[in-house]
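Q: Structure file model_31.txt (compact mmCIF, C-alpha atoms) right here:
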```txt
# COMPACT_ATOMS: atom_id res chain seq x y z
CA MET A 1 0.00 0.00 0.00
CA SER A 2 1.27 3.47 -0.91
CA SER A 3 0.45 6.47 1.27
CA SER A 4 1.11 9.11 -1.39
CA VAL A 5 -2.28 10.78 -1.51
CA PHE A 6 -2.11 13.84 -3.75
CA SER A 7 -3.31 17.16 -2.40
CA CYS A 8 -2.71 20.77 -3.38
CA ARG A 9 -3.55 24.06 -1.70
CA GLN A 10 -4.16 27.60 -2.93
CA GLY A 11 -5.81 30.82 -1.87
CA SER A 12 -6.00 32.28 1.62
CA GLY A 13 -8.60 32.54 4.36
CA HIS A 14 -10.73 29.91 6.08
CA ASP A 15 -10.06 26.35 4.94
CA LEU A 16 -12.30 24.63 2.39
CA VAL A 17 -11.48 21.05 1.34
CA LEU A 18 -12.82 19.66 -1.97
CA LEU A 19 -13.39 15.93 -2.60
CA HIS A 20 -14.36 14.79 -6.11
CA GLY A 21 -16.61 11.93 -7.25
CA TRP A 22 -16.18 8.53 -8.93
CA GLY A 23 -14.06 8.10 -12.05
CA VAL A 24 -12.69 11.65 -12.04
CA ASN A 25 -10.17 13.71 -10.04
CA SER A 26 -9.66 17.13 -8.46
CA GLY A 27 -9.46 18.70 -11.91
CA VAL A 28 -13.27 18.94 -11.83
CA TRP A 29 -12.96 21.84 -9.39
CA SER A 30 -10.90 24.13 -11.64
CA SER A 31 -13.81 26.46 -12.53
CA LEU A 32 -15.08 26.64 -8.95
CA ILE A 33 -11.60 27.41 -7.61
CA GLU A 34 -11.27 30.35 -10.00
CA LEU A 35 -14.46 31.81 -8.52
CA ILE A 36 -13.78 31.37 -4.80
CA SER A 37 -10.02 31.05 -4.16
CA THR A 38 -9.80 34.75 -3.29
CA ASP A 39 -12.19 34.09 -0.37
CA PHE A 40 -10.79 30.88 1.09
CA ARG A 41 -7.75 28.63 1.33
CA ILE A 42 -8.73 25.65 -0.78
CA THR A 43 -7.30 22.15 -0.45
CA CYS A 44 -8.01 19.74 -3.31
CA ILE A 45 -7.49 16.05 -2.58
CA ASP A 46 -7.47 13.24 -5.13
CA LEU A 47 -9.25 10.24 -3.64
CA PRO A 48 -7.02 7.14 -3.33
CA GLY A 49 -6.55 5.53 -6.72
CA PHE A 50 -7.67 8.62 -8.67
CA GLY A 51 -5.72 11.41 -10.39
CA GLY A 52 -2.47 12.22 -8.63
CA SER A 53 -3.29 9.53 -6.05
CA SER A 54 -3.56 6.80 -8.71
CA ASP A 55 -0.70 4.84 -7.12
CA CYS A 56 -2.15 5.16 -3.61
CA LEU A 57 -4.41 2.24 -2.75
CA PRO A 58 -5.51 0.85 0.60
CA GLU A 59 -5.42 -2.93 1.03
CA GLN A 60 -9.22 -2.94 1.15
CA TYR A 61 -11.02 -0.17 -0.71
CA ASN A 62 -13.89 0.99 1.51
CA LEU A 63 -15.15 4.18 3.17
CA ALA A 64 -13.06 3.70 6.30
CA SER A 65 -9.76 3.00 4.52
CA VAL A 66 -10.26 5.80 1.98
CA SER A 67 -11.11 8.25 4.76
CA ASP A 68 -8.06 7.25 6.80
CA LEU A 69 -5.74 8.03 3.89
CA ILE A 70 -7.35 11.43 3.30
CA VAL A 71 -7.62 12.71 6.88
CA PRO A 72 -3.92 13.71 7.27
CA HIS A 73 -4.37 16.13 4.36
CA ILE A 74 -7.39 17.93 5.87
CA PRO A 75 -6.52 21.10 7.81
CA SER A 76 -8.08 21.31 11.26
CA ASN A 77 -11.34 23.32 11.42
CA SER A 78 -11.95 23.05 7.69
CA VAL A 79 -15.26 22.98 5.90
CA ILE A 80 -15.21 19.80 3.82
CA LEU A 81 -17.14 19.69 0.53
CA GLY A 82 -17.75 16.33 -1.15
CA TRP A 83 -19.37 15.67 -4.50
CA SER A 84 -21.24 12.40 -5.09
CA LEU A 85 -18.89 9.60 -3.91
CA GLY A 86 -16.79 12.34 -2.32
CA GLY A 87 -19.86 13.31 -0.28
CA LEU A 88 -20.02 9.81 1.20
CA VAL A 89 -16.33 10.08 2.16
CA ALA A 90 -16.80 13.58 3.61
CA SER A 91 -19.85 12.47 5.60
CA HIS A 92 -18.03 9.42 6.93
CA ILE A 93 -15.17 11.63 8.10
CA ALA A 94 -17.59 14.06 9.77
CA ILE A 95 -19.68 11.33 11.43
CA ASN A 96 -16.63 9.65 12.90
CA ALA A 97 -15.01 12.97 13.92
CA LYS A 98 -11.71 11.90 12.34
CA VAL A 99 -10.56 15.54 12.23
CA PRO A 100 -12.09 18.71 13.76
CA LEU A 101 -14.37 20.26 11.14
CA ARG A 102 -16.17 23.59 10.94
CA GLY A 103 -18.84 22.40 8.50
CA LEU A 104 -19.89 19.88 5.84
CA ILE A 105 -21.17 20.50 2.30
CA ASN A 106 -22.58 17.55 0.35
CA VAL A 107 -23.06 18.10 -3.39
CA ALA A 108 -25.37 15.74 -5.33
CA SER A 109 -24.70 13.10 -2.73
CA SER A 110 -26.83 10.68 -0.75
CA PRO A 111 -26.21 8.67 2.42
CA LYS A 112 -27.48 5.68 0.40
CA PHE A 113 -27.21 5.88 -3.39
CA VAL A 114 -28.95 2.64 -4.34
CA ALA A 115 -32.75 2.55 -4.54
CA THR A 116 -34.69 0.04 -2.47
CA ASP A 117 -38.41 -0.50 -1.93
CA ASN A 118 -38.65 2.38 0.56
CA TRP A 119 -35.74 4.55 -0.57
CA PRO A 120 -35.36 6.52 -3.82
CA GLY A 121 -32.03 6.43 -5.61
CA ILE A 122 -30.17 4.92 -8.53
CA SER A 123 -31.02 1.44 -9.77
CA SER A 124 -28.65 -1.24 -8.53
CA GLN A 125 -28.65 -2.65 -12.07
CA VAL A 126 -27.17 0.60 -13.43
CA LEU A 127 -24.18 0.40 -11.07
CA GLN A 128 -23.76 -3.30 -11.88
CA MET A 129 -23.74 -2.40 -15.57
CA PHE A 130 -20.87 0.05 -15.03
CA THR A 131 -18.97 -2.59 -13.02
CA GLN A 132 -19.33 -5.05 -15.91
CA GLN A 133 -18.36 -2.44 -18.51
CA LEU A 134 -15.12 -1.68 -16.67
CA ASN A 135 -13.84 -5.00 -17.95
CA GLY A 136 -13.81 -3.36 -21.37
CA ASP A 137 -12.97 0.24 -22.20
CA PHE A 138 -12.65 2.63 -19.23
CA THR A 139 -12.88 5.70 -21.46
CA LYS A 140 -16.24 4.60 -22.90
CA THR A 141 -17.49 3.66 -19.43
CA LEU A 142 -16.53 7.11 -18.11
CA ASP A 143 -18.21 8.79 -21.10
CA ARG A 144 -21.45 6.94 -20.32
CA PHE A 145 -21.20 7.78 -16.63
CA LEU A 146 -20.58 11.47 -17.32
CA ALA A 147 -23.52 11.50 -19.73
CA ILE A 148 -25.82 10.14 -17.00
CA GLN A 149 -24.47 12.75 -14.57
CA ALA A 150 -25.41 15.59 -16.94
CA MET A 151 -28.70 14.08 -18.12
CA GLY A 152 -31.62 16.51 -18.06
CA SER A 153 -29.53 19.65 -17.82
CA ASP A 154 -30.10 22.29 -20.51
CA SER A 155 -26.32 22.40 -20.93
CA ALA A 156 -25.75 18.63 -20.75
CA ARG A 157 -23.40 18.41 -23.73
CA GLN A 158 -21.31 21.36 -22.55
CA ASP A 159 -21.30 19.99 -19.00
CA VAL A 160 -19.87 16.66 -20.13
CA LYS A 161 -17.21 18.41 -22.23
CA ALA A 162 -16.25 20.63 -19.29
CA LEU A 163 -16.01 17.70 -16.89
CA LYS A 164 -13.96 15.60 -19.30
CA LYS A 165 -11.62 18.45 -20.24
CA SER A 166 -10.82 19.10 -16.59
CA ILE A 167 -10.00 15.49 -15.74
CA VAL A 168 -8.03 14.22 -18.75
CA GLN A 169 -5.01 16.33 -17.79
CA HIS A 170 -4.48 14.05 -14.78
CA PRO A 171 -3.42 10.37 -14.58
CA GLN A 172 -6.08 7.74 -15.28
CA PRO A 173 -7.54 6.07 -12.18
CA ALA A 174 -6.40 2.70 -10.91
CA THR A 175 -8.70 -0.18 -11.81
CA GLU A 176 -8.92 -1.20 -8.14
CA ALA A 177 -10.20 2.28 -7.23
CA LEU A 178 -12.82 2.23 -10.00
CA TYR A 179 -14.22 -1.10 -8.80
CA GLY A 180 -13.83 -0.11 -5.15
CA GLY A 181 -15.60 3.22 -5.67
CA LEU A 182 -18.53 1.55 -7.44
CA ASN A 183 -18.75 -0.95 -4.61
CA ILE A 184 -18.96 1.90 -2.08
CA LEU A 185 -21.76 3.51 -4.10
CA GLN A 186 -23.50 0.14 -4.25
CA THR A 187 -23.24 -0.79 -0.57
CA ALA A 188 -22.73 2.31 1.63
CA ASP A 189 -25.58 3.31 3.94
CA LEU A 190 -24.95 6.18 6.37
CA ARG A 191 -28.61 6.98 7.03
CA ALA A 192 -28.63 5.84 10.65
CA ASP A 193 -25.59 7.98 11.52
CA LEU A 194 -26.58 11.42 10.21
CA ALA A 195 -28.70 12.47 13.20
CA GLN A 196 -25.58 12.55 15.40
CA LEU A 197 -23.94 15.30 13.33
CA THR A 198 -23.65 18.51 15.33
CA LEU A 199 -21.70 20.62 12.83
CA PRO A 200 -23.39 22.90 10.24
CA VAL A 201 -24.40 21.00 7.08
CA LEU A 202 -25.41 22.22 3.61
CA ASN A 203 -26.82 19.74 1.07
CA CYS A 204 -26.77 20.92 -2.55
CA TYR A 205 -28.75 19.14 -5.26
CA GLY A 206 -29.50 19.44 -8.94
CA LYS A 207 -33.25 19.31 -9.58
CA LEU A 208 -32.65 17.33 -12.79
CA ASP A 209 -30.29 14.78 -11.22
CA SER A 210 -31.08 11.14 -12.02
CA LEU A 211 -28.48 9.69 -9.62
CA VAL A 212 -29.82 11.55 -6.56
CA PRO A 213 -33.39 12.18 -7.77
CA GLN A 214 -35.58 14.98 -6.48
CA LYS A 215 -37.84 12.56 -4.63
CA ALA A 216 -34.84 11.64 -2.44
CA HIS A 217 -34.32 15.19 -1.16
CA LEU A 218 -37.00 15.15 1.55
CA PRO A 219 -36.15 11.67 2.90
CA ILE A 220 -32.50 12.74 3.12
CA THR A 221 -33.42 16.03 4.83
CA GLN A 222 -35.43 14.17 7.47
CA LEU A 223 -32.32 12.24 8.55
CA TYR A 224 -30.39 15.38 9.58
CA PRO A 225 -30.74 17.62 12.63
CA PRO A 226 -33.21 20.46 11.89
CA THR A 227 -30.42 23.05 11.64
CA HIS A 228 -29.09 21.62 8.37
CA GLN A 229 -29.59 23.57 5.13
CA THR A 230 -30.67 22.48 1.64
CA GLU A 231 -30.21 24.16 -1.74
CA VAL A 232 -31.67 22.87 -5.03
CA PHE A 233 -30.37 24.24 -8.34
CA ALA A 234 -33.31 24.20 -10.73
CA LYS A 235 -31.42 23.86 -14.02
CA ALA A 236 -28.64 21.55 -12.84
CA SER A 237 -28.22 17.79 -12.90
CA HIS A 238 -25.57 15.81 -11.00
CA ALA A 239 -22.86 18.48 -11.33
CA PRO A 240 -24.39 21.81 -10.17
CA PHE A 241 -20.90 23.30 -9.77
CA ILE A 242 -20.62 23.00 -13.56
CA SER A 243 -24.23 23.59 -14.71
CA ALA A 244 -24.89 26.46 -12.29
CA GLN A 245 -21.37 27.72 -11.66
CA GLN A 246 -22.06 31.25 -10.49
CA ASP A 247 -25.06 30.39 -8.30
CA PHE A 248 -23.29 27.40 -6.81
CA ALA A 249 -20.20 29.44 -5.96
CA LYS A 250 -22.34 32.15 -4.34
CA ARG A 251 -24.15 29.54 -2.22
CA VAL A 252 -20.90 28.01 -1.02
CA VAL A 253 -19.52 31.45 -0.14
CA LYS A 254 -22.73 32.34 1.72
CA PHE A 255 -22.59 29.12 3.76
CA MET A 256 -18.91 29.56 4.54
CA HIS A 257 -19.41 33.13 5.75
CA SER A 258 -22.42 32.09 7.84
CA ILE A 259 -20.38 29.60 9.89
CA THR A 260 -16.99 31.32 10.06
CA PRO A 261 -16.23 34.38 12.18
```
Output the file's structure as structure tokens, nothing else.
A:
Amino acid sequence: MSSSVFSCRQGSGHDLVLLHGWGVNSGVWSSLIELISTDFRITCIDLPGFGGSSDCLPEQYNLASVSDLIVPHIPSNSVILGWSLGGLVASHIAINAKVPLRGLINVASSPKFVATDNWPGISSQVLQMFTQQLNGDFTKTLDRFLAIQAMGSDSARQDVKALKKSIVQHPQPATEALYGGLNILQTADLRADLAQLTLPVLNCYGKLDSLVPQKAHLPITQLYPPTHQTEVFAKASHAPFISAQQDFAKRVVKFMHSITP
């Protein structure tokens, strides 16, 4: 196991940590960083097995092991922002108080991604399909996954191009991380743990998201303490920081200023 998790830091002010989603890397944050790095000190971390951390793999790829590798790179009293799979990792870190945090921002994330009889989410068959397709061409699999993430957005084609452009400049992910990340999305369930969170939380969604559908927003909200905040971006899908860049950046800045002196 390598411990060389990649992280980079820029800007100045209160600390904001960014965690990306499955199949991609911290390059997805380039546009957001341009908008807010004058307000905060931003730390971007590539999840184990992705981007600059492509050679960094825990012996078992799960939420606990991924979180343990990331925690040393998180400044104390940060706000941690996680997108999709990164939201599960951020929530796990916050729930288990692995590092003192000032706040938590989940973006297009769910404590349980897979739909069941009494829980809305993504079909288990869809995630199984991506797992099977990984045996073939990763690039095509990523293209399909990005297309689903942008589905429904007025700017879907541009969103996919923007996401892909920002990630191809970094190393391709390790196969073990791709399978491990999909397994986390398939099996993770943090619903029972969210009520114990005492730090400020902001959940951001895209109204057109098919991976975390609109009908999941209320059930997720009901799991948090009543002080938590929710923001839905009407014309965004699974990547509101791309589809609604300016509005998303303003909402993050507003939340940060509301919880920092």
Q: Compare A:Asp247, A:Val126, A:Leu101, A:Cys44 by their minimum atom-to-atom distance to Ser30 (chain A), counting only C-alpha atoms, and give me the closest one.
A: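 Going through A:Asp247, A:Val126, A:Leu101, A:Cys44 one by one, the smallest distance to Ser30 (chain A) is for A:Cys44.
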Q: Just give me the gap between CA of Cys56 (chain A) and CA of Gly181 (chain A) in Å, one decimal is fine.
A: 13.7 Å
Q: List every protein, DNA or RNA residue that has at least one atom no more than 8 Å from (-37.0, 23.6, -11.2) in the file's coordinates, counting all atoms listed in the file, and write the result as a ChimeraX atom specification.
A: /A:207-208,233-235
Q: For each of A:Val168, A:Ala195, A:Val253, A:Leu32, take the minimum atom-to-atom distance to His228 (chain A), counting all atoms listed in the file, then give the residue where this is smallest.
A: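 Result for the nearest residue to His228 (chain A): A:Ala195.
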Q: I need the residue nearest Asp189 (chain A) from this list: A:Ser166, A:Thr260, A:Ser109, A:Ser210. Use all atoms listed in the file for the distance.
A: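 Closest candidate: A:Ser109.
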Q: Hey, can you check how far CA of Gln222 (chain A) sits from CA of Asn118 (chain A)?
A: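 Distance between the two atoms: 14.0 Å.
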Q: Calculated over all atoms listed in the file, which of the candidates A:Leu16, A:Ala90, A:Ala177, A:Val24 has the smallest distance to Leu142 (chain A)?
A: A:Val24
Q: Rounded to one decimal place, report the CA of Gly52 (chain A)-CA of Pro75 (chain A) distance in Å.
A: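 So the two atoms, CA of Gly52 (chain A) and CA of Pro75 (chain A), lie 19.1 Å apart.
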Q: Counting only C-alpha atoms, which residue out of A:Ile184, A:Gln128, A:Phe241, A:Ala162 sits closest to Val66 (chain A)?
A: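 Ranking A:Ile184, A:Gln128, A:Phe241, A:Ala162 by distance to Val66 (chain A), first place goes to A:Ile184.
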Q: Could you list, as a ChimeraX atom specification, every residue within 10 Å of Thr221 (chain A), counting only C-alpha atoms and ignoring same-chain residues fewer than 5 positions away?
A: /A:194,203,216,226,228-230
Q: Identify, on the basis of all atoms listed in the file, every residue whose closest approach to Phe255 (chain A) does not exceed 12 Å; exclude the query and any residue fewer than 3 positions from it along the same chain; express the result as a PyMOL selection string.
A: chain A and resi 16+79-81+102-105+200-204+228-231+248-252+258-261
Q: Can you tell me, as a ChimeraX atom specification, what residues are no more than 12 Å from Val28 (chain A) when counting only C-alpha atoms, ignoring any on the same chain fewer than 2 positions away?
A: /A:18-26,30-34,44-46,51,82-83,146,159-170,239-242,245
Q: Ser53 (chain A): which residues within 10 Å, counting all atoms listed in the file, same-chain residues fewer than 6 positions away excluded, as a ChimeraX atom specification?
A: /A:2-7,25,45-47,170-174
